[in-house]
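Text of data.txt (compact mmCIF, C-alpha atoms and all ligand atoms) as supplied:
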# COMPACT_ATOMS: atom_id res chain seq x y z
CA MET F 1 47.58 -65.02 -26.57
CA GLY F 2 49.78 -63.24 -24.03
CA ARG F 3 49.76 -59.90 -25.85
CA GLY F 4 47.17 -58.24 -23.64
CA PHE F 5 49.65 -55.87 -22.03
CA ASN F 6 50.87 -54.68 -25.42
CA VAL F 7 47.31 -54.10 -26.58
CA ALA F 8 46.51 -52.15 -23.40
CA VAL F 9 49.65 -50.00 -23.78
CA HIS F 10 48.79 -49.33 -27.41
CA VAL F 11 45.27 -48.19 -26.48
CA LEU F 12 46.62 -45.95 -23.69
CA ASN F 13 49.23 -44.39 -25.97
CA ALA F 14 46.67 -43.67 -28.68
CA GLY F 15 44.31 -42.20 -26.07
CA ARG F 16 47.00 -39.92 -24.67
CA LEU F 17 48.01 -38.77 -28.12
CA THR F 18 44.44 -37.92 -29.13
CA LEU F 19 43.82 -36.23 -25.80
CA ALA F 20 46.92 -34.09 -26.32
CA ALA F 21 45.66 -33.23 -29.81
CA GLY F 22 42.20 -32.35 -28.47
CA CYS F 23 43.71 -30.13 -25.77
CA THR F 24 45.91 -28.39 -28.33
CA GLY F 25 42.89 -27.70 -30.56
CA GLY F 26 40.91 -26.52 -27.53
CA THR F 27 43.70 -24.14 -26.53
CA LYS F 28 43.84 -22.69 -30.05
CA ARG F 29 40.12 -21.99 -29.87
CA THR F 30 40.48 -20.51 -26.40
CA LEU F 31 43.25 -18.21 -27.62
CA GLY F 32 40.96 -17.02 -30.43
CA LEU F 33 38.23 -16.19 -27.88
CA MET F 34 40.74 -14.53 -25.55
CA THR F 35 41.95 -12.35 -28.39
CA SER F 36 38.44 -11.29 -29.47
CA TYR F 37 37.42 -10.50 -25.92
CA ALA F 38 40.63 -8.60 -25.18
CA GLU F 39 40.20 -6.46 -28.32
CA GLU F 40 36.54 -5.69 -27.65
CA ARG F 41 36.50 -4.98 -23.93
CA VAL F 42 37.63 -1.43 -23.14
CA GLN F 43 38.80 -0.40 -19.66
CA PHE F 44 40.73 2.72 -18.69
CA GLU F 45 40.13 3.90 -22.28
CA HIS F 46 42.05 0.99 -23.78
CA PRO F 47 41.15 -2.44 -25.06
CA LEU F 48 42.36 -5.07 -22.59
CA ALA F 49 44.70 -6.30 -25.35
CA ASP F 50 46.74 -3.10 -24.96
CA PHE F 51 47.82 -4.03 -21.44
CA GLU F 52 51.07 -5.92 -20.99
CA ILE F 53 49.63 -8.36 -18.47
CA THR F 54 47.05 -9.36 -21.09
CA GLN F 55 49.81 -9.62 -23.67
CA ARG F 56 51.75 -11.96 -21.41
CA LYS F 57 48.71 -14.25 -21.27
CA LEU F 58 48.26 -14.17 -25.06
CA SER F 59 51.94 -14.71 -25.83
CA ARG F 60 52.49 -17.54 -23.36
CA THR F 61 49.42 -19.36 -24.63
CA ALA F 62 50.59 -18.94 -28.24
CA SER F 63 54.11 -20.21 -27.53
CA ASP F 64 52.75 -23.18 -25.58
CA ILE F 65 50.44 -24.06 -28.47
CA TYR F 66 53.44 -23.89 -30.79
CA ALA F 67 55.31 -26.36 -28.56
CA SER F 68 52.34 -28.68 -28.19
CA ASP F 69 51.77 -28.65 -31.93
CA ALA F 70 55.45 -29.48 -32.50
CA MET F 71 55.21 -32.41 -30.06
CA LEU F 72 52.12 -33.69 -31.85
CA GLY F 73 53.97 -33.58 -35.16
CA VAL F 74 56.77 -35.69 -33.75
CA LEU F 75 54.31 -38.13 -32.16
CA ALA F 76 52.30 -38.44 -35.37
CA SER F 77 55.44 -39.31 -37.31
CA MET F 78 56.28 -41.97 -34.72
CA VAL F 79 52.80 -43.46 -35.08
CA ASP F 80 53.20 -43.47 -38.86
CA ARG F 81 56.45 -45.37 -38.53
CA GLY F 82 54.50 -48.09 -36.77
CA ASP F 83 57.48 -49.74 -35.10
CA ILE F 84 58.34 -47.21 -32.39
CA ASP F 85 57.31 -47.28 -28.74
CA PHE F 86 56.08 -43.74 -28.11
CA SER F 87 54.62 -44.24 -24.63
CA LEU F 88 57.02 -41.82 -22.96
CA GLU F 89 56.49 -39.06 -25.52
CA ALA F 90 52.71 -39.56 -25.46
CA ALA F 91 52.75 -39.17 -21.68
CA CYS F 92 54.85 -35.98 -21.96
CA ALA F 93 52.49 -34.53 -24.57
CA LYS F 94 49.38 -35.45 -22.55
CA VAL F 95 50.65 -33.80 -19.38
CA PHE F 96 51.87 -30.70 -21.23
CA ALA F 97 48.76 -30.17 -23.36
CA SER F 98 46.21 -30.82 -20.60
CA GLU F 99 47.93 -28.31 -18.29
CA MET F 100 48.25 -25.80 -21.14
CA LEU F 101 44.51 -25.98 -21.82
CA TRP F 102 43.69 -25.59 -18.12
CA ARG F 103 45.93 -22.50 -17.87
CA ALA F 104 44.41 -21.01 -21.01
CA ALA F 105 40.83 -21.60 -19.80
CA ASP F 106 41.73 -20.04 -16.46
CA ASP F 107 43.31 -17.05 -18.21
CA MET F 108 40.17 -16.72 -20.35
CA VAL F 109 37.93 -16.63 -17.27
CA GLN F 110 40.21 -14.09 -15.60
CA LEU F 111 40.34 -11.91 -18.70
CA ALA F 112 36.54 -11.94 -18.97
CA GLY F 113 36.29 -10.78 -15.35
CA GLY F 114 32.74 -11.12 -13.93
CA ARG F 115 31.54 -12.37 -17.30
CA GLY F 116 34.08 -15.14 -17.00
CA TYR F 117 32.32 -16.49 -13.95
CA VAL F 118 28.65 -16.44 -14.95
CA LYS F 119 26.30 -17.78 -17.59
CA PRO F 120 25.29 -17.20 -20.36
CA TYR F 121 28.92 -16.56 -21.28
CA PRO F 122 30.73 -19.75 -22.34
CA TYR F 123 33.91 -19.23 -20.31
CA GLU F 124 33.03 -20.86 -16.98
CA ARG F 125 31.97 -23.99 -18.81
CA MET F 126 35.22 -24.03 -20.77
CA LEU F 127 37.06 -24.02 -17.47
CA ARG F 128 34.96 -26.89 -16.07
CA ASP F 129 35.26 -28.94 -19.25
CA SER F 130 39.00 -28.51 -19.52
CA ARG F 131 39.54 -29.75 -15.96
CA ILE F 132 38.96 -33.44 -16.70
CA ASN F 133 41.93 -33.67 -19.07
CA ARG F 134 44.40 -33.57 -16.19
CA ILE F 135 42.61 -36.52 -14.61
CA PHE F 136 41.64 -39.07 -17.23
CA GLU F 137 43.83 -41.11 -19.58
CA GLY F 138 46.21 -41.32 -16.60
CA ALA F 139 46.17 -38.63 -13.92
CA ASN F 140 49.04 -36.22 -14.54
CA GLU F 141 50.65 -37.04 -11.18
CA VAL F 142 50.77 -40.72 -12.10
CA LEU F 143 52.06 -39.95 -15.61
CA ARG F 144 54.86 -37.84 -14.15
CA LEU F 145 55.87 -40.80 -11.99
CA PHE F 146 55.72 -43.01 -15.06
CA ILE F 147 57.97 -40.63 -17.01
CA ALA F 148 60.48 -40.25 -14.18
CA LEU F 149 60.64 -43.92 -13.19
CA ASN F 150 61.24 -44.81 -16.81
CA GLY F 151 64.19 -42.49 -16.74
CA VAL F 152 65.53 -43.55 -13.38
CA GLN F 153 65.68 -47.27 -13.96
CA ALA F 154 68.48 -47.48 -16.50
CA PRO F 155 71.04 -45.38 -14.62
CA ALA F 156 69.99 -47.09 -11.40
CA GLU F 157 70.83 -50.45 -12.88
CA ALA F 158 74.02 -49.10 -14.35
CA LEU F 159 75.03 -47.94 -10.90
CA LYS F 160 74.10 -51.38 -9.56
CA GLU F 161 72.72 -49.68 -6.50
CA ILE F 162 69.10 -50.64 -6.41
CA GLY F 163 68.30 -52.83 -9.37
CA SER F 164 65.37 -55.03 -8.50
CA ALA F 165 63.71 -52.52 -6.20
CA LEU F 166 62.52 -50.62 -9.25
CA ARG F 167 59.92 -51.67 -11.68
CA ARG F 168 60.89 -52.37 -15.24
CA PRO F 169 62.36 -49.29 -16.84
CA LEU F 170 61.96 -48.14 -20.36
CA ARG F 171 64.89 -45.87 -20.81
CA ASN F 172 67.24 -43.37 -19.33
CA LEU F 173 65.73 -40.06 -18.39
CA GLY F 174 69.04 -38.38 -18.93
CA LEU F 175 68.96 -39.57 -22.49
CA LEU F 176 65.44 -38.36 -23.08
CA GLY F 177 66.62 -35.23 -24.81
CA GLY F 178 68.78 -37.16 -27.21
CA TYR F 179 66.06 -39.72 -27.56
CA ALA F 180 63.52 -37.05 -28.35
CA THR F 181 65.74 -35.45 -30.92
CA SER F 182 66.36 -38.74 -32.63
CA ARG F 183 62.58 -38.95 -33.05
CA VAL F 184 62.59 -35.45 -34.43
CA LYS F 185 65.36 -36.44 -36.77
CA LEU F 186 63.23 -39.30 -38.08
CA ARG F 187 60.54 -36.83 -38.94
CA LEU F 188 62.91 -34.45 -40.61
CA GLY F 189 64.62 -37.25 -42.51
CA GLN F 190 68.01 -36.25 -41.18
CA THR F 191 70.69 -38.46 -39.83
CA SER F 192 71.79 -37.04 -36.53
CA THR F 193 70.16 -35.88 -33.33
CA LEU F 194 70.05 -32.22 -32.36
CA ASP F 195 73.27 -32.27 -34.24
CA ILE F 196 70.82 -31.28 -36.94
CA GLU F 197 72.26 -28.13 -38.36
CA VAL F 198 70.36 -25.23 -36.93
CA HIS F 199 70.20 -21.67 -38.14
CA GLU F 200 72.32 -19.15 -36.24
CA ARG F 201 69.15 -17.71 -34.72
CA LEU F 202 68.41 -21.07 -33.02
CA LYS F 203 71.93 -21.92 -31.96
CA ARG F 204 71.68 -20.48 -28.46
CA HIS F 205 68.60 -22.64 -27.80
CA LYS F 206 70.35 -25.72 -29.10
CA ASP F 207 73.36 -25.07 -26.87
CA TYR F 208 71.20 -24.68 -23.77
CA PHE F 209 69.18 -27.74 -24.73
CA GLU F 210 72.30 -29.89 -24.95
CA LYS F 211 73.62 -28.54 -21.67
CA HIS F 212 70.29 -29.32 -20.02
CA VAL F 213 70.24 -32.88 -21.39
CA ALA F 214 73.59 -33.49 -19.69
CA GLU F 215 72.36 -31.83 -16.49
CA LEU F 216 69.25 -33.99 -16.40
CA GLY F 217 71.47 -37.06 -16.69
CA SER F 218 73.67 -36.00 -13.79
CA ALA F 219 70.68 -34.88 -11.69
CA THR F 220 69.15 -38.32 -12.22
CA ASP F 221 72.37 -40.06 -11.14
CA ARG F 222 72.68 -37.90 -8.05
CA ALA F 223 69.05 -38.53 -7.08
CA ILE F 224 69.60 -42.29 -7.33
CA ILE F 225 72.79 -42.18 -5.28
CA ARG F 226 71.15 -40.03 -2.63
CA HIS F 227 67.88 -41.91 -2.29
CA ARG F 228 68.84 -45.41 -3.41
CA GLU F 229 65.88 -47.81 -3.23
CA HIS F 230 63.75 -45.09 -1.60
CA ILE F 231 63.72 -43.14 -4.86
CA ILE F 232 60.40 -44.80 -5.69
CA ASP F 233 58.84 -43.04 -2.71
CA ARG F 234 60.56 -39.70 -3.32
CA GLN F 235 57.76 -38.45 -5.50
CA LEU F 236 58.73 -34.79 -5.18
CA VAL F 237 62.15 -35.63 -6.63
CA LEU F 238 60.60 -37.77 -9.37
CA GLU F 239 58.13 -35.01 -10.17
CA ARG F 240 60.98 -32.54 -10.73
CA LEU F 241 62.86 -34.98 -12.96
CA ALA F 242 59.68 -35.55 -14.97
CA ASN F 243 59.08 -31.82 -15.35
CA MET F 244 62.63 -31.38 -16.60
CA ALA F 245 62.16 -34.23 -19.08
CA ILE F 246 58.84 -32.89 -20.37
CA ASP F 247 60.31 -29.45 -20.99
CA LEU F 248 63.34 -30.98 -22.70
CA PHE F 249 61.18 -33.05 -25.01
CA ALA F 250 59.06 -30.01 -25.83
CA THR F 251 62.17 -27.88 -26.43
CA ALA F 252 63.68 -30.44 -28.80
CA CYS F 253 60.45 -30.54 -30.79
CA VAL F 254 60.19 -26.74 -30.89
CA ILE F 255 63.76 -26.22 -32.13
CA ALA F 256 63.39 -28.92 -34.78
CA ARG F 257 60.01 -27.63 -35.90
CA THR F 258 61.31 -24.09 -36.22
CA GLN F 259 64.36 -25.25 -38.16
CA SER F 260 62.09 -27.22 -40.45
CA LEU F 261 59.99 -24.09 -41.12
CA ILE F 262 63.14 -22.06 -41.80
CA ASP F 263 64.26 -24.74 -44.29
CA GLU F 264 60.88 -24.65 -46.01
CA ARG F 265 60.20 -20.93 -46.14
CA GLY F 266 63.46 -19.10 -45.52
CA ILE F 267 64.36 -17.11 -42.43
CA GLU F 268 62.56 -13.90 -43.48
CA GLU F 269 59.21 -15.68 -43.55
CA CYS F 270 59.65 -17.20 -40.08
CA GLU F 271 60.12 -14.23 -37.79
CA ARG F 272 56.87 -14.77 -35.90
CA GLU F 273 57.57 -18.49 -35.41
CA ILE F 274 61.11 -17.75 -34.28
CA ALA F 275 59.65 -15.40 -31.66
CA LEU F 276 57.41 -18.23 -30.44
CA CYS F 277 60.44 -20.52 -30.35
CA ASP F 278 62.48 -17.91 -28.44
CA LEU F 279 59.75 -17.39 -25.90
CA PHE F 280 59.12 -21.07 -25.33
CA CYS F 281 62.79 -22.04 -25.05
CA VAL F 282 63.56 -19.24 -22.60
CA GLU F 283 60.56 -20.01 -20.38
CA ALA F 284 61.18 -23.77 -20.50
CA GLY F 285 64.85 -23.16 -19.66
CA ARG F 286 63.84 -21.12 -16.61
CA ARG F 287 61.52 -23.86 -15.40
CA PHE F 288 64.27 -26.40 -15.96
CA ARG F 289 66.75 -24.41 -13.88
CA THR F 290 64.24 -23.99 -11.06
CA SER F 291 63.76 -27.77 -10.84
CA ARG F 292 67.49 -28.41 -11.11
CA HIS F 293 68.15 -25.91 -8.36
CA MET F 294 65.62 -27.67 -6.11
CA LEU F 295 67.34 -31.00 -6.78
CA ASP F 296 70.87 -29.67 -6.30
CA GLY F 297 70.29 -27.22 -3.53
CA ARG F 298 68.35 -27.51 -0.33
CA GLY F 299 65.16 -28.72 -1.94
CA HIS F 300 65.31 -31.89 0.15
CA GLU F 301 65.03 -29.80 3.31
CA VAL F 302 61.86 -28.19 1.97
CA ASP F 303 60.58 -31.66 1.08
CA ASP F 304 61.29 -32.85 4.65
CA THR F 305 59.28 -29.92 5.96
CA ARG F 306 56.44 -30.71 3.56
CA ARG F 307 56.34 -34.31 4.84
CA SER F 308 56.39 -33.09 8.41
CA VAL F 309 53.56 -30.56 7.92
CA ALA F 310 51.53 -33.18 6.02
CA ALA F 311 52.00 -35.56 8.97
CA SER F 312 50.63 -32.88 11.31
CA VAL F 313 47.67 -32.29 9.00
CA ARG F 314 46.95 -36.02 8.94
CA GLY F 315 47.37 -36.33 12.70
CA GLY F 316 45.10 -33.34 13.31
CA LYS F 317 42.56 -34.56 10.74
CA GLY F 318 42.92 -31.27 8.86
CA TYR F 319 44.06 -27.83 10.01
CA PHE F 320 45.75 -28.55 13.33
CA VAL F 321 46.56 -25.15 14.87
CA THR F 322 44.39 -24.93 17.97
CA ASP F 323 44.37 -21.19 18.60
CA ALA F 324 43.50 -20.26 15.03
CA ILE F 325 41.93 -16.84 14.55
CA LEU F 326 38.95 -18.42 12.81
CA ASP F 327 37.33 -21.35 14.56
CA GLU F 328 35.68 -23.98 12.37
C1 LIG K 401 34.25 -38.24 -17.71
C2 LIG K 401 35.12 -39.42 -17.48
C3 LIG K 401 35.32 -40.34 -18.48
C4 LIG K 401 36.12 -41.45 -18.27
N1 LIG K 401 36.29 -42.36 -19.28
C5 LIG K 401 37.00 -43.48 -19.06
C6 LIG K 401 37.15 -44.47 -20.06
O1 LIG K 401 36.58 -44.35 -21.15
N2 LIG K 401 37.89 -45.58 -19.81
C7 LIG K 401 38.51 -45.73 -18.60
O2 LIG K 401 39.19 -46.76 -18.41
N3 LIG K 401 38.40 -44.81 -17.63
C8 LIG K 401 37.66 -43.70 -17.82
N4 LIG K 401 37.53 -42.77 -16.83
C9 LIG K 401 38.23 -42.99 -15.57
C10 LIG K 401 39.51 -42.18 -15.49
O3 LIG K 401 40.49 -42.72 -16.34
C11 LIG K 401 39.97 -42.16 -14.02
O4 LIG K 401 39.06 -41.33 -13.32
C12 LIG K 401 41.39 -41.65 -13.89
O5 LIG K 401 42.33 -42.56 -14.44
C13 LIG K 401 41.78 -41.43 -12.41
O6 LIG K 401 41.52 -42.59 -11.67
P1 LIG K 401 40.61 -42.49 -10.37
O7 LIG K 401 39.39 -41.70 -10.68
O8 LIG K 401 40.43 -43.87 -9.86
O9 LIG K 401 41.46 -41.63 -9.37
P2 LIG K 401 42.58 -42.15 -8.36
O10 LIG K 401 43.45 -43.19 -8.98
O11 LIG K 401 41.93 -42.47 -7.04
O12 LIG K 401 43.45 -40.83 -8.21
C14 LIG K 401 42.97 -39.71 -7.46
C15 LIG K 401 44.10 -38.74 -7.28
O13 LIG K 401 45.17 -39.37 -6.57
C16 LIG K 401 46.36 -39.25 -7.31
N5 LIG K 401 47.16 -40.47 -7.20
C17 LIG K 401 46.77 -41.73 -7.44
N6 LIG K 401 47.78 -42.59 -7.26
C18 LIG K 401 48.85 -41.85 -6.91
C19 LIG K 401 50.21 -42.12 -6.59
N7 LIG K 401 50.72 -43.35 -6.65
N8 LIG K 401 51.02 -41.11 -6.25
C20 LIG K 401 50.56 -39.85 -6.20
N9 LIG K 401 49.30 -39.52 -6.50
C21 LIG K 401 48.45 -40.50 -6.85
C22 LIG K 401 45.94 -39.05 -8.75
O14 LIG K 401 46.93 -38.37 -9.46
C23 LIG K 401 44.70 -38.24 -8.60
O15 LIG K 401 45.04 -36.88 -8.47
C24 LIG K 401 36.75 -41.64 -17.02
C25 LIG K 401 36.56 -40.69 -16.01
C26 LIG K 401 35.74 -39.60 -16.22
C27 LIG K 401 35.54 -38.60 -15.09
File written out as structure tokens:
Amino acid sequence: MGRGFNVAVHVLNAGRLTLAAGCTGGTKRTLGLMTSYAEERVQFEHPLADFEITQRKLSRTASDIYASDAMLGVLASMVDRGDIDFSLEAACAKVFASEMLWRAADDMVQLAGGRGYVKPYPYERMLRDSRINRIFEGANEVLRLFIALNGVQAPAEALKEIGSALRRPLRNLGLLGGYATSRVKLRLGQTSTLDIEVHERLKRHKDYFEKHVAELGSATDRAIIRHREHIIDRQLVLERLANMAIDLFATACVIARTQSLIDERGIEECEREIALCDLFCVEAGRRFRTSRHMLDGRGHEVDDTRRSVAASVRGGKGYFVTDAILDE
């Protein structure tokens, strides 16, 4: 009796984990199809795979799969432990993997050109089928709020600014990086967080990761001080914090996974995985800095304008400009 909430959370966590796993498998399959198509289709006397824009699609998809796979490994080890609450990590993995699959399916359709859009080719259906993953098991917007509000609550209480206005927190977003790495550490059987010894080749990523963990903590504090109890309604701010946290969790998993492979096989046998790690960490770092810049800089002015334009749209029941070139 009285354990219904726990049971519900357990079911949701398991669902999000399996959905993330399904999306990761689906993206691997999509990448295989993308590769075959890009090698076979010749345009301008070259297979599509020769073109750099195609190569960007293939490489990003591969590095995202690598990150998603690494997150799944960490999550699976947490499940095996049996005594760890992995709701935050499961939400991060679900959001990441479902958006990765959607991007990959979209890239596949684009790569296949006209054939991407029509039957009997399988690509348009892959795009339709992948779409649901961003909606069910918790719509990604709602999961981002869940991730961010979990992170905001602890520092908010520490600052004694807003306390009861927020729903029950789980933990400090600013600590998510350290938290994530302690999970990784459990899997690796080591005793410290990203203080795990990393190979020289990974050191730069580790340094940036640690810097970003600290920056997420201070960005969270500043957001709370600025918005106080209204932080709950500042969804654009929360969304940025969540995006930063998701990329940090993924980065921690990627670095730890790569180090683990280096330990197992030796550095010479890991060049391709290190390239995936490099690509992911650099891209995730760029996304992180963009969000941080929006939080630190004049992002709130853009957000004000968004609210204002949305109010006009609502007031005008849609597009509100009266002398539009195209009438309805
Ligand atoms: C094929 C399929 C299978 C399903 N299987 C199951 C199942 O087995 N079990 C089950 O329980 N459910 C199932 N569902 C339901 C599914 O979980 C819900 O559709 C999903 O959770 C979204 O809820 P909703 O449809 O009510 O959308 P809504 O909650 O109305 O959301 C619509 C949109 O509004 C956004 N939104 C909602 N609230 C907020 C907010 N506070 N801030 C910002 N944006 C917000 C959402 O992100 C979303 O984009 C299934 C759905 C489908 C289509």
Checklist line | Option closest in space to ligand LIG 401 (chain K), from F:Thr61, F:Ser291, F:Thr251, F:Asn140 [counting all atoms listed in the file] | finding: F:Asn140
Using only C-alpha atoms and all ligand atoms, find each residue of chain F with at least one atom at most 7 Å away from an atom of ligand LIG 401 (chain K); report its shortest atom-to-atom pair and that distance in Å (one decimal), sort the rows by chain and rising residue number, and return the result as a tab-separated table.
residue	atom	partner	partner_atom	distance
F:Ile132	CA	K:LIG401	C27	6.4
F:Ile135	CA	K:LIG401	C12	5.3
F:Phe136	CA	K:LIG401	O3	3.9
F:Glu137	CA	K:LIG401	O3	4.9
F:Gly138	CA	K:LIG401	O5	4.6
F:Ala139	CA	K:LIG401	O14	4.5
F:Asn140	CA	K:LIG401	O14	5.9
F:Glu141	CA	K:LIG401	O14	4.3
F:Val142	CA	K:LIG401	O14	5.2
Item checked: Surrounding residues of F:Lys28 excluding itself and chain neighbours under 4 positions, 8 Å, all atoms listed in the file, as a list in words ->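 Those residues are Thr24, Gly32, Ala62 and Ile65 of chain F.
Among the candidates F:Ile274, F:Val152, F:Val109, F:Met71, the residue lying nearest to F:Leu248 is F:Met71 (atoms considered: all atoms listed in the file).
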Item checked: Among the residues F:Gln235, F:Thr220, F:Thr258, F:Asn243, the one that comes closest to F:Arg306 [using all atoms listed in the file] ->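 Residue with the minimum atom-to-atom distance to F:Arg306: F:Gln235.
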Checklist line | One-decimal distance in Å that lies between atom CA of F:Met34 and atom CA of F:Tyr121 | finding: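 Distance between the two atoms: 12.7 Å.
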If we count only C-alpha atoms, what is near F:Ala67 at a cut-off of 9 Å, once residues fewer than 5 positions away on the same chain are taken out, given as a short mmCIF file (atom, residue, chain, number, x, y, z; two decimals) with C-alpha atoms, in the coordinates of the input?
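Here's the written file part35.cif:
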data_model
loop_
_atom_site.label_atom_id
_atom_site.label_comp_id
_atom_site.auth_asym_id
_atom_site.auth_seq_id
_atom_site.Cartn_x
_atom_site.Cartn_y
_atom_site.Cartn_z
CA ALA F 62 50.59 -18.94 -28.24
CA LEU F 72 52.12 -33.69 -31.85
CA ALA F 250 59.06 -30.01 -25.83
CA THR F 251 62.17 -27.88 -26.43
CA CYS F 253 60.45 -30.54 -30.79
CA VAL F 254 60.19 -26.74 -30.89
CA ARG F 257 60.01 -27.63 -35.90
CA LEU F 276 57.41 -18.23 -30.44
CA CYS F 277 60.44 -20.52 -30.35
CA PHE F 280 59.12 -21.07 -25.33
#
Show me, as JSON, the centre and edge lengths in Å to one decimal of the axis-aligned box that covers every listed atom of stretch 249-260 of chain F with 8 Å on each side.
{"center_x": 61.7, "center_y": -28.6, "center_z": -32.7, "size_x": 21.3, "size_y": 25.0, "size_z": 31.4}
Next item on the list: Point out the residue among F:Glu89, F:Glu200, F:Glu271, F:Asp323 with the least atom-to-atom distance to F:Phe249, counting all atoms listed in the file.
Entry: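 Of F:Glu89, F:Glu200, F:Glu271, F:Asp323, the one nearest F:Phe249, counting all atoms listed in the file, is F:Glu89.
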Notebook entry, point to check: To one decimal place, how far is atom CA of F:Leu17 from atom CA of F:Arg289 in Å?
Noted result: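 Between atom CA of F:Leu17 and atom CA of F:Arg289 the gap is 27.6 Å.
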Item checked: Nearest residue to F:Met108 from the set F:Ala148, F:Ala214, F:Ile267, F:Ala38 (distances using only C-alpha atoms) -> F:Ala38
Note to self: Using Å and a single decimal, report how far atom CA of F:Ala252 sits from atom CA of F:Gly73.
What the structure shows: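 Answer for the atom CA of F:Gly73 to atom CA of F:Ala252 separation: 12.0 Å.
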